[in-house]
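Next comes run.cif, with mmCIF, N, CA and C atoms.
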data_model
loop_
_atom_site.label_atom_id
_atom_site.label_comp_id
_atom_site.auth_asym_id
_atom_site.auth_seq_id
_atom_site.Cartn_x
_atom_site.Cartn_y
_atom_site.Cartn_z
N MET A 1 20.96 14.01 34.65
CA MET A 1 20.65 12.82 33.91
C MET A 1 20.01 13.23 32.58
N ALA A 2 20.62 12.88 31.51
CA ALA A 2 20.14 13.25 30.18
C ALA A 2 19.02 12.30 29.74
N ARG A 3 18.04 12.91 29.13
CA ARG A 3 16.92 12.09 28.63
C ARG A 3 17.28 11.54 27.26
N ARG A 4 16.94 10.29 27.08
CA ARG A 4 17.16 9.69 25.78
C ARG A 4 16.02 10.10 24.86
N THR A 5 16.38 10.46 23.66
CA THR A 5 15.32 10.79 22.70
C THR A 5 15.09 9.57 21.83
N SER A 6 13.84 9.23 21.69
CA SER A 6 13.50 8.08 20.86
C SER A 6 13.00 8.56 19.51
N ARG A 7 12.97 7.68 18.59
CA ARG A 7 12.49 8.02 17.26
C ARG A 7 10.97 7.97 17.20
N GLY A 8 10.33 7.42 18.20
CA GLY A 8 8.87 7.36 18.22
C GLY A 8 8.33 6.40 17.19
N ARG A 9 7.08 6.59 16.87
CA ARG A 9 6.46 5.73 15.86
C ARG A 9 6.91 6.20 14.49
N GLN A 10 7.39 5.29 13.72
CA GLN A 10 7.87 5.59 12.38
C GLN A 10 6.87 5.06 11.36
N LYS A 11 6.74 5.81 10.27
CA LYS A 11 5.87 5.34 9.19
C LYS A 11 6.60 4.24 8.44
N ILE A 12 5.91 3.13 8.23
CA ILE A 12 6.49 1.99 7.54
C ILE A 12 6.09 2.07 6.08
N GLU A 13 7.06 1.98 5.20
CA GLU A 13 6.78 2.01 3.77
C GLU A 13 6.00 0.76 3.39
N MET A 14 4.92 0.95 2.65
CA MET A 14 4.09 -0.18 2.23
C MET A 14 4.71 -0.80 0.99
N LYS A 15 5.19 -2.01 1.13
CA LYS A 15 5.77 -2.72 0.00
C LYS A 15 5.63 -4.21 0.27
N TYR A 16 5.78 -4.99 -0.78
CA TYR A 16 5.67 -6.43 -0.68
C TYR A 16 6.83 -6.99 0.13
N VAL A 17 6.53 -7.87 1.07
CA VAL A 17 7.56 -8.49 1.90
C VAL A 17 8.09 -9.70 1.12
N GLU A 18 9.37 -9.65 0.77
CA GLU A 18 9.96 -10.68 -0.09
C GLU A 18 10.16 -12.01 0.63
N SER A 19 10.63 -11.96 1.88
CA SER A 19 10.91 -13.17 2.63
C SER A 19 9.61 -13.88 3.01
N LYS A 20 9.55 -15.18 2.72
CA LYS A 20 8.34 -15.95 2.99
C LYS A 20 8.02 -15.98 4.49
N GLU A 21 9.04 -16.23 5.30
CA GLU A 21 8.82 -16.29 6.75
C GLU A 21 8.38 -14.94 7.30
N ALA A 22 9.04 -13.87 6.86
CA ALA A 22 8.68 -12.53 7.32
C ALA A 22 7.27 -12.16 6.86
N ARG A 23 6.89 -12.61 5.68
CA ARG A 23 5.55 -12.34 5.15
C ARG A 23 4.51 -13.02 6.03
N TYR A 24 4.74 -14.26 6.44
CA TYR A 24 3.79 -14.96 7.31
C TYR A 24 3.67 -14.28 8.67
N VAL A 25 4.80 -13.85 9.22
CA VAL A 25 4.78 -13.16 10.52
C VAL A 25 4.03 -11.84 10.40
N THR A 26 4.31 -11.09 9.33
CA THR A 26 3.64 -9.80 9.11
C THR A 26 2.15 -10.01 8.94
N PHE A 27 1.76 -11.03 8.18
CA PHE A 27 0.34 -11.31 7.98
C PHE A 27 -0.33 -11.61 9.32
N SER A 28 0.31 -12.44 10.12
CA SER A 28 -0.26 -12.83 11.40
C SER A 28 -0.47 -11.62 12.32
N LYS A 29 0.54 -10.74 12.40
CA LYS A 29 0.44 -9.56 13.27
C LYS A 29 -0.62 -8.59 12.75
N ARG A 30 -0.61 -8.34 11.45
CA ARG A 30 -1.57 -7.39 10.89
C ARG A 30 -2.99 -7.94 10.93
N LYS A 31 -3.14 -9.24 10.77
CA LYS A 31 -4.46 -9.87 10.85
C LYS A 31 -5.04 -9.64 12.23
N ALA A 32 -4.23 -9.86 13.25
CA ALA A 32 -4.70 -9.68 14.62
C ALA A 32 -5.15 -8.24 14.87
N SER A 33 -4.36 -7.27 14.39
CA SER A 33 -4.73 -5.87 14.62
C SER A 33 -5.95 -5.47 13.78
N LEU A 34 -6.08 -6.02 12.57
CA LEU A 34 -7.25 -5.74 11.75
C LEU A 34 -8.52 -6.28 12.41
N PHE A 35 -8.47 -7.50 12.91
CA PHE A 35 -9.62 -8.08 13.58
C PHE A 35 -9.95 -7.32 14.86
N ARG A 36 -8.94 -6.86 15.57
CA ARG A 36 -9.17 -6.07 16.79
C ARG A 36 -9.88 -4.76 16.43
N LYS A 37 -9.44 -4.11 15.35
CA LYS A 37 -10.08 -2.86 14.92
C LYS A 37 -11.52 -3.12 14.45
N ALA A 38 -11.75 -4.23 13.76
CA ALA A 38 -13.10 -4.58 13.31
C ALA A 38 -14.02 -4.79 14.52
N ASP A 39 -13.51 -5.46 15.55
CA ASP A 39 -14.28 -5.68 16.77
C ASP A 39 -14.59 -4.35 17.46
N GLU A 40 -13.60 -3.47 17.53
CA GLU A 40 -13.79 -2.16 18.14
C GLU A 40 -14.83 -1.36 17.35
N PHE A 41 -14.74 -1.39 16.03
CA PHE A 41 -15.70 -0.67 15.19
C PHE A 41 -17.12 -1.19 15.42
N SER A 42 -17.26 -2.50 15.49
CA SER A 42 -18.56 -3.10 15.71
C SER A 42 -19.13 -2.71 17.07
N THR A 43 -18.29 -2.72 18.08
CA THR A 43 -18.72 -2.39 19.43
C THR A 43 -19.15 -0.93 19.54
N VAL A 44 -18.36 -0.03 18.96
CA VAL A 44 -18.62 1.40 19.08
C VAL A 44 -19.83 1.82 18.26
N THR A 45 -19.98 1.29 17.05
CA THR A 45 -21.05 1.74 16.16
C THR A 45 -22.28 0.86 16.18
N GLY A 46 -22.16 -0.37 16.65
CA GLY A 46 -23.28 -1.28 16.64
C GLY A 46 -23.53 -1.88 15.26
N ALA A 47 -22.59 -1.69 14.35
CA ALA A 47 -22.74 -2.21 12.99
C ALA A 47 -22.34 -3.68 12.95
N ASP A 48 -22.93 -4.39 11.99
CA ASP A 48 -22.50 -5.77 11.75
C ASP A 48 -21.26 -5.71 10.87
N VAL A 49 -20.19 -6.34 11.32
CA VAL A 49 -18.91 -6.27 10.61
C VAL A 49 -18.47 -7.68 10.25
N GLY A 50 -17.96 -7.81 9.03
CA GLY A 50 -17.41 -9.08 8.59
C GLY A 50 -16.13 -8.83 7.81
N VAL A 51 -15.06 -9.55 8.15
CA VAL A 51 -13.79 -9.44 7.45
C VAL A 51 -13.38 -10.85 7.06
N LEU A 52 -13.05 -11.01 5.79
CA LEU A 52 -12.63 -12.30 5.28
C LEU A 52 -11.27 -12.13 4.62
N LEU A 53 -10.29 -12.93 5.05
CA LEU A 53 -8.93 -12.87 4.53
C LEU A 53 -8.48 -14.25 4.10
N PHE A 54 -7.56 -14.27 3.16
CA PHE A 54 -6.89 -15.51 2.80
C PHE A 54 -5.41 -15.29 3.04
N SER A 55 -4.80 -16.15 3.84
CA SER A 55 -3.39 -16.02 4.17
C SER A 55 -2.54 -16.25 2.93
N PRO A 56 -1.25 -15.89 2.99
CA PRO A 56 -0.38 -16.14 1.84
C PRO A 56 -0.32 -17.61 1.45
N SER A 57 -0.58 -18.49 2.40
CA SER A 57 -0.58 -19.93 2.09
C SER A 57 -1.93 -20.40 1.56
N GLY A 58 -2.95 -19.50 1.56
CA GLY A 58 -4.25 -19.85 1.02
C GLY A 58 -5.29 -20.24 2.06
N LYS A 59 -4.92 -20.20 3.34
CA LYS A 59 -5.85 -20.57 4.40
C LYS A 59 -6.81 -19.40 4.68
N PRO A 60 -8.13 -19.66 4.72
CA PRO A 60 -9.08 -18.57 4.99
C PRO A 60 -9.13 -18.23 6.47
N CYS A 61 -9.27 -16.93 6.75
CA CYS A 61 -9.43 -16.42 8.12
C CYS A 61 -10.58 -15.43 8.09
N SER A 62 -11.39 -15.41 9.15
CA SER A 62 -12.50 -14.47 9.15
C SER A 62 -12.79 -13.96 10.55
N TYR A 63 -13.39 -12.77 10.59
CA TYR A 63 -13.92 -12.20 11.81
C TYR A 63 -15.31 -11.68 11.48
N THR A 64 -16.27 -11.97 12.31
CA THR A 64 -17.61 -11.40 12.15
C THR A 64 -18.16 -11.03 13.51
N SER A 65 -18.88 -9.92 13.55
CA SER A 65 -19.50 -9.50 14.81
C SER A 65 -20.74 -10.33 15.10
N THR A 66 -21.39 -10.83 14.05
CA THR A 66 -22.48 -11.79 14.19
C THR A 66 -22.07 -12.99 13.35
N SER A 67 -23.00 -13.78 12.88
CA SER A 67 -22.61 -14.92 12.06
C SER A 67 -22.38 -14.47 10.61
N VAL A 68 -21.54 -15.20 9.91
CA VAL A 68 -21.27 -14.91 8.51
C VAL A 68 -22.56 -14.99 7.71
N GLU A 69 -23.40 -15.94 8.04
CA GLU A 69 -24.66 -16.11 7.32
C GLU A 69 -25.55 -14.88 7.46
N ASN A 70 -25.62 -14.30 8.66
CA ASN A 70 -26.44 -13.10 8.87
C ASN A 70 -25.91 -11.94 8.03
N ILE A 71 -24.61 -11.76 8.02
CA ILE A 71 -24.03 -10.64 7.28
C ILE A 71 -24.22 -10.83 5.78
N THR A 72 -23.96 -12.02 5.28
CA THR A 72 -24.12 -12.24 3.84
C THR A 72 -25.59 -12.14 3.42
N GLU A 73 -26.50 -12.58 4.28
CA GLU A 73 -27.92 -12.47 3.96
C GLU A 73 -28.36 -11.00 3.93
N LYS A 74 -27.88 -10.19 4.88
CA LYS A 74 -28.19 -8.76 4.87
C LYS A 74 -27.67 -8.11 3.60
N PHE A 75 -26.44 -8.49 3.20
CA PHE A 75 -25.86 -7.92 2.00
C PHE A 75 -26.66 -8.32 0.76
N ARG A 76 -27.07 -9.58 0.69
CA ARG A 76 -27.88 -10.04 -0.44
C ARG A 76 -29.21 -9.28 -0.51
N GLU A 77 -29.86 -9.09 0.64
CA GLU A 77 -31.12 -8.36 0.68
C GLU A 77 -30.92 -6.92 0.23
N TRP A 78 -29.85 -6.28 0.71
CA TRP A 78 -29.57 -4.90 0.34
C TRP A 78 -29.31 -4.79 -1.16
N LYS A 79 -28.53 -5.72 -1.69
CA LYS A 79 -28.20 -5.71 -3.11
C LYS A 79 -29.46 -5.93 -3.94
N GLN A 80 -30.29 -6.87 -3.55
CA GLN A 80 -31.52 -7.16 -4.28
C GLN A 80 -32.47 -5.97 -4.23
N GLN A 81 -32.56 -5.31 -3.10
CA GLN A 81 -33.42 -4.13 -2.96
C GLN A 81 -32.96 -3.03 -3.91
N ASN A 82 -31.65 -2.82 -4.01
CA ASN A 82 -31.14 -1.79 -4.90
C ASN A 82 -31.35 -2.15 -6.36
N VAL A 83 -31.25 -3.44 -6.70
CA VAL A 83 -31.50 -3.88 -8.07
C VAL A 83 -32.98 -3.69 -8.39
N ASP A 84 -33.86 -4.01 -7.43
CA ASP A 84 -35.30 -3.85 -7.63
C ASP A 84 -35.68 -2.39 -7.83
N GLU A 85 -34.96 -1.49 -7.14
CA GLU A 85 -35.24 -0.06 -7.26
C GLU A 85 -34.58 0.55 -8.50
N GLY A 86 -33.87 -0.26 -9.26
CA GLY A 86 -33.23 0.25 -10.46
C GLY A 86 -31.81 0.75 -10.23
N LYS A 87 -31.30 0.58 -9.02
CA LYS A 87 -29.94 0.99 -8.72
C LYS A 87 -29.09 -0.26 -8.65
N SER A 88 -28.00 -0.29 -9.40
CA SER A 88 -27.14 -1.46 -9.33
C SER A 88 -26.30 -1.43 -8.06
N SER A 89 -25.95 -0.23 -7.60
CA SER A 89 -25.21 -0.11 -6.35
C SER A 89 -25.16 1.34 -5.93
N VAL A 90 -24.72 1.56 -4.73
CA VAL A 90 -24.54 2.92 -4.23
C VAL A 90 -23.49 3.63 -5.07
N PHE A 91 -22.49 2.88 -5.51
CA PHE A 91 -21.41 3.47 -6.30
C PHE A 91 -21.94 3.97 -7.64
N GLN A 92 -22.84 3.23 -8.25
CA GLN A 92 -23.41 3.66 -9.52
C GLN A 92 -24.21 4.94 -9.31
N ALA A 93 -24.99 5.01 -8.24
CA ALA A 93 -25.76 6.22 -7.94
C ALA A 93 -24.83 7.40 -7.72
N PHE A 94 -23.73 7.17 -7.02
CA PHE A 94 -22.77 8.24 -6.77
C PHE A 94 -22.13 8.70 -8.08
N ASP A 95 -21.76 7.75 -8.95
CA ASP A 95 -21.17 8.10 -10.24
C ASP A 95 -22.15 8.92 -11.08
N ASP A 96 -23.43 8.53 -11.07
CA ASP A 96 -24.44 9.27 -11.82
C ASP A 96 -24.57 10.70 -11.29
N LEU A 97 -24.55 10.82 -9.98
CA LEU A 97 -24.65 12.14 -9.36
C LEU A 97 -23.45 13.01 -9.71
N CYS A 98 -22.26 12.43 -9.69
CA CYS A 98 -21.05 13.19 -10.05
C CYS A 98 -21.13 13.67 -11.50
N LYS A 99 -21.63 12.82 -12.39
CA LYS A 99 -21.77 13.21 -13.79
C LYS A 99 -22.77 14.35 -13.94
N ASP A 100 -23.89 14.27 -13.23
CA ASP A 100 -24.89 15.34 -13.28
C ASP A 100 -24.30 16.66 -12.79
N ILE A 101 -23.54 16.61 -11.72
CA ILE A 101 -22.92 17.83 -11.18
C ILE A 101 -21.92 18.40 -12.18
N GLN A 102 -21.13 17.54 -12.79
CA GLN A 102 -20.16 17.99 -13.78
C GLN A 102 -20.86 18.65 -14.97
N ASP A 103 -21.96 18.04 -15.44
CA ASP A 103 -22.72 18.62 -16.55
C ASP A 103 -23.27 20.00 -16.19
N GLU A 104 -23.81 20.11 -14.97
CA GLU A 104 -24.37 21.40 -14.54
C GLU A 104 -23.27 22.46 -14.41
N ASN A 105 -22.09 22.07 -13.94
CA ASN A 105 -20.98 23.02 -13.83
C ASN A 105 -20.54 23.50 -15.22
N GLU A 106 -20.51 22.60 -16.19
CA GLU A 106 -20.15 22.99 -17.56
C GLU A 106 -21.18 23.94 -18.15
N LYS A 107 -22.47 23.68 -17.91
CA LYS A 107 -23.53 24.57 -18.39
C LYS A 107 -23.39 25.96 -17.75
N ARG A 108 -23.09 25.97 -16.44
CA ARG A 108 -22.94 27.25 -15.74
C ARG A 108 -21.77 28.05 -16.31
N LYS A 109 -20.63 27.39 -16.53
CA LYS A 109 -19.47 28.08 -17.08
C LYS A 109 -19.76 28.62 -18.47
N SER A 110 -20.46 27.84 -19.29
CA SER A 110 -20.81 28.28 -20.64
C SER A 110 -21.73 29.49 -20.58
N ARG A 111 -22.70 29.45 -19.69
CA ARG A 111 -23.65 30.56 -19.52
C ARG A 111 -22.93 31.82 -19.07
N GLU A 112 -22.01 31.68 -18.10
CA GLU A 112 -21.26 32.83 -17.60
C GLU A 112 -20.38 33.43 -18.69
N LEU A 113 -19.73 32.59 -19.48
CA LEU A 113 -18.88 33.07 -20.56
C LEU A 113 -19.71 33.83 -21.60
N MET A 114 -20.87 33.26 -21.97
CA MET A 114 -21.74 33.91 -22.94
C MET A 114 -22.21 35.26 -22.40
N TYR A 115 -22.56 35.31 -21.14
CA TYR A 115 -23.04 36.55 -20.53
C TYR A 115 -21.93 37.60 -20.49
N LYS A 116 -20.69 37.18 -20.20
CA LYS A 116 -19.56 38.12 -20.16
C LYS A 116 -19.28 38.70 -21.55
N VAL A 117 -19.46 37.88 -22.59
CA VAL A 117 -19.23 38.35 -23.95
C VAL A 117 -20.33 39.32 -24.38
N MET A 118 -21.57 38.97 -24.05
CA MET A 118 -22.71 39.80 -24.49
C MET A 118 -22.84 41.07 -23.66
N TYR A 119 -22.54 41.01 -22.37
CA TYR A 119 -22.70 42.16 -21.48
C TYR A 119 -21.42 42.37 -20.68
N PRO A 120 -20.34 42.88 -21.31
CA PRO A 120 -19.06 43.04 -20.60
C PRO A 120 -19.20 44.00 -19.41
N GLY A 121 -18.61 43.60 -18.30
CA GLY A 121 -18.61 44.44 -17.11
C GLY A 121 -19.87 44.35 -16.27
N ALA A 122 -20.91 43.71 -16.77
CA ALA A 122 -22.16 43.59 -16.03
C ALA A 122 -22.07 42.40 -15.07
N GLU A 123 -22.84 42.50 -13.98
CA GLU A 123 -22.88 41.40 -13.02
C GLU A 123 -23.74 40.28 -13.57
N ILE A 124 -23.27 39.05 -13.40
CA ILE A 124 -23.98 37.89 -13.92
C ILE A 124 -25.09 37.52 -12.95
N PRO A 125 -26.35 37.49 -13.43
CA PRO A 125 -27.46 37.15 -12.52
C PRO A 125 -27.45 35.67 -12.18
N ALA A 126 -28.03 35.36 -11.04
CA ALA A 126 -28.12 33.97 -10.60
C ALA A 126 -29.09 33.21 -11.49
N ASP A 127 -28.77 31.95 -11.77
CA ASP A 127 -29.62 31.09 -12.57
C ASP A 127 -30.46 30.23 -11.62
N LYS A 128 -31.72 30.60 -11.47
CA LYS A 128 -32.59 29.91 -10.50
C LYS A 128 -32.78 28.44 -10.86
N GLU A 129 -32.85 28.14 -12.15
CA GLU A 129 -33.04 26.75 -12.58
C GLU A 129 -31.86 25.88 -12.15
N SER A 130 -30.64 26.38 -12.33
CA SER A 130 -29.45 25.63 -11.92
C SER A 130 -29.40 25.45 -10.40
N LEU A 131 -29.77 26.50 -9.67
CA LEU A 131 -29.78 26.39 -8.21
C LEU A 131 -30.76 25.32 -7.75
N GLU A 132 -31.92 25.25 -8.39
CA GLU A 132 -32.90 24.23 -8.03
C GLU A 132 -32.37 22.83 -8.33
N LYS A 133 -31.66 22.67 -9.45
CA LYS A 133 -31.08 21.37 -9.79
C LYS A 133 -30.03 20.95 -8.77
N PHE A 134 -29.21 21.92 -8.33
CA PHE A 134 -28.20 21.59 -7.33
C PHE A 134 -28.85 21.19 -6.00
N VAL A 135 -29.95 21.83 -5.64
CA VAL A 135 -30.66 21.45 -4.42
C VAL A 135 -31.21 20.04 -4.55
N GLN A 136 -31.77 19.70 -5.72
CA GLN A 136 -32.27 18.35 -5.95
C GLN A 136 -31.16 17.32 -5.87
N MET A 137 -29.99 17.66 -6.43
CA MET A 137 -28.85 16.74 -6.37
C MET A 137 -28.39 16.53 -4.94
N LYS A 138 -28.39 17.60 -4.16
CA LYS A 138 -27.99 17.49 -2.75
C LYS A 138 -28.96 16.58 -1.99
N LEU A 139 -30.24 16.71 -2.27
CA LEU A 139 -31.23 15.85 -1.62
C LEU A 139 -31.04 14.40 -2.04
N ARG A 140 -30.72 14.16 -3.32
CA ARG A 140 -30.44 12.79 -3.79
C ARG A 140 -29.24 12.20 -3.06
N LEU A 141 -28.23 13.02 -2.88
CA LEU A 141 -27.02 12.56 -2.19
C LEU A 141 -27.32 12.21 -0.74
N GLU A 142 -28.10 13.05 -0.06
CA GLU A 142 -28.45 12.77 1.33
C GLU A 142 -29.32 11.53 1.46
N LYS A 143 -30.15 11.26 0.45
CA LYS A 143 -31.03 10.09 0.47
C LYS A 143 -30.23 8.81 0.33
N ASN A 144 -29.16 8.84 -0.49
CA ASN A 144 -28.32 7.64 -0.69
C ASN A 144 -27.39 7.53 0.47
#
Transcribe the structure of this file into structure tokens.
Amino acid sequence: MARRTSRGRQKIEMKYVESKEARYVTFSKRKASLFRKADEFSTVTGADVGVLLFSPSGKPCSYTSTSVENITEKFREWKQQNVDEGKSSVFQAFDDLCKDIQDENEKRKSRELMYKVMYPGAEIPADKESLEKFVQMKLRLEKN
């Protein structure tokens, strides 16, 4: 008896569904699986999860692990706390950190190039000041 070989799970190309009826069916199926995953995430991690969608027809759909009011209030408090601390958002802090790292890398490259020109063939000594800055940046990243 020969075994049938199946194609298994196939990757579906992500593209806009042209047919209106097919788009509604796809939305309905994907909405259900998204809400199921949000529920699983909330259960496993204990996090408060909220998902808000608008269907192609404009009807709102939502899933929340607690009430929408609790989640939005937590978000408002978090946002206000970050504004009070001088941070507009986690993303802004991350962008600032990336810029600082890029600046330090450029300084290091410039220093190494200058050292190679002035002392050809010599080993480049470690820059303690730069190492300390990188440690401070790492601590900032862990704090955020």
Original post:
With all atoms listed in the file as the atoms that count, which of A:Tyr63, A:Leu53, A:Glu21, A:Arg9 lies nearest to A:Phe35?
Top reply: A:Tyr63
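If you measure from each of A:Ala38, A:Arg7, A:Met137, A:Thr43 to A:Lys99 using only C-alpha atoms, the closest one turns out to be A:Met137.
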What residues come out when you apply the PyMOL selection byres ((chain A and resi 54-60) around 8) to this file, written as a PDB file with N, CA and C atoms, in the frame of the given file?
ATOM      1  N   ARG A  23       6.890 -12.610   5.680  1.00  0.00           N
ATOM      2  CA  ARG A  23       5.550 -12.340   5.150  1.00  0.00           C
ATOM      3  C   ARG A  23       4.510 -13.020   6.030  1.00  0.00           C
ATOM      4  N   TYR A  24       4.740 -14.260   6.440  1.00  0.00           N
ATOM      5  CA  TYR A  24       3.790 -14.960   7.310  1.00  0.00           C
ATOM      6  C   TYR A  24       3.670 -14.280   8.670  1.00  0.00           C
ATOM      7  N   PHE A  27       1.760 -11.030   8.180  1.00  0.00           N
ATOM      8  CA  PHE A  27       0.340 -11.310   7.980  1.00  0.00           C
ATOM      9  C   PHE A  27      -0.330 -11.610   9.320  1.00  0.00           C
ATOM     10  N   SER A  28       0.310 -12.440  10.120  1.00  0.00           N
ATOM     11  CA  SER A  28      -0.260 -12.830  11.400  1.00  0.00           C
ATOM     12  C   SER A  28      -0.470 -11.620  12.320  1.00  0.00           C
ATOM     13  N   VAL A  51     -15.060  -9.550   8.150  1.00  0.00           N
ATOM     14  CA  VAL A  51     -13.790  -9.440   7.450  1.00  0.00           C
ATOM     15  C   VAL A  51     -13.380 -10.850   7.060  1.00  0.00           C
ATOM     16  N   LEU A  52     -13.050 -11.010   5.790  1.00  0.00           N
ATOM     17  CA  LEU A  52     -12.630 -12.300   5.280  1.00  0.00           C
ATOM     18  C   LEU A  52     -11.270 -12.130   4.620  1.00  0.00           C
ATOM     19  N   LEU A  53     -10.290 -12.930   5.050  1.00  0.00           N
ATOM     20  CA  LEU A  53      -8.930 -12.870   4.530  1.00  0.00           C
ATOM     21  C   LEU A  53      -8.480 -14.250   4.100  1.00  0.00           C
ATOM     22  N   CYS A  61      -9.270 -16.930   6.750  1.00  0.00           N
ATOM     23  CA  CYS A  61      -9.430 -16.420   8.120  1.00  0.00           C
ATOM     24  C   CYS A  61     -10.580 -15.430   8.090  1.00  0.00           C
ATOM     25  N   SER A  62     -11.390 -15.410   9.150  1.00  0.00           N
ATOM     26  CA  SER A  62     -12.500 -14.470   9.150  1.00  0.00           C
ATOM     27  C   SER A  62     -12.790 -13.960  10.550  1.00  0.00           C
TER      28      SER A  62
END
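Picture a line from atom CA of A:Asn70 to atom CA of A:Ser33; it runs 23.6 Å.
Between atom CA of A:Asp95 and atom C of A:Ala47 the separation is 26.0 Å.
Between atom C of A:Glu106 and atom CA of A:Ser130 the interatomic distance comes to 10.5 Å.
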**OP:** From chain A, collect each residue whose DSSP state is strand (DSSP E or B) and return the set as a PyMOL selection string.
**Re:** chain A and resi 50-54+60-64
Selection above as a file: N, CA and C atoms, as a short mmCIF file (atom, residue, chain, number, x, y, z; two decimals), in the coordinates of the input:
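And here's part38.cif as it stands now:
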data_model
loop_
_atom_site.label_atom_id
_atom_site.label_comp_id
_atom_site.auth_asym_id
_atom_site.auth_seq_id
_atom_site.Cartn_x
_atom_site.Cartn_y
_atom_site.Cartn_z
N GLY A 50 -17.96 -7.81 9.03
CA GLY A 50 -17.41 -9.08 8.59
C GLY A 50 -16.13 -8.83 7.81
N VAL A 51 -15.06 -9.55 8.15
CA VAL A 51 -13.79 -9.44 7.45
C VAL A 51 -13.38 -10.85 7.06
N LEU A 52 -13.05 -11.01 5.79
CA LEU A 52 -12.63 -12.30 5.28
C LEU A 52 -11.27 -12.13 4.62
N LEU A 53 -10.29 -12.93 5.05
CA LEU A 53 -8.93 -12.87 4.53
C LEU A 53 -8.48 -14.25 4.10
N PHE A 54 -7.56 -14.27 3.16
CA PHE A 54 -6.89 -15.51 2.80
C PHE A 54 -5.41 -15.29 3.04
N PRO A 60 -8.13 -19.66 4.72
CA PRO A 60 -9.08 -18.57 4.99
C PRO A 60 -9.13 -18.23 6.47
N CYS A 61 -9.27 -16.93 6.75
CA CYS A 61 -9.43 -16.42 8.12
C CYS A 61 -10.58 -15.43 8.09
N SER A 62 -11.39 -15.41 9.15
CA SER A 62 -12.50 -14.47 9.15
C SER A 62 -12.79 -13.96 10.55
N TYR A 63 -13.39 -12.77 10.59
CA TYR A 63 -13.92 -12.20 11.81
C TYR A 63 -15.31 -11.68 11.48
N THR A 64 -16.27 -11.97 12.31
CA THR A 64 -17.61 -11.40 12.15
C THR A 64 -18.16 -11.03 13.51
#
**OP:** Return as an MDAnalysis selection string the set of residues that the PyMOL selection byres (((chain A and resi 127 and name CA) around 12) and name CA) yields on the displayed structure.
**Re:** chainID A and resid 104:105 107:109 111:112 115 124:126 128:134
**OP:** Identify, with DSSP run on backbone atoms, the residues in stretch 7-47 of chain A assigned to helix (DSSP H, G or I), and express the list as a VMD selection string.
**Re:** chain A and resid 20 to 45
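Among the candidates A:Phe75, A:Asn82, A:Glu123, A:Thr66, the residue lying nearest to A:Asp39 is A:Thr66 (atoms considered: only C-alpha atoms).
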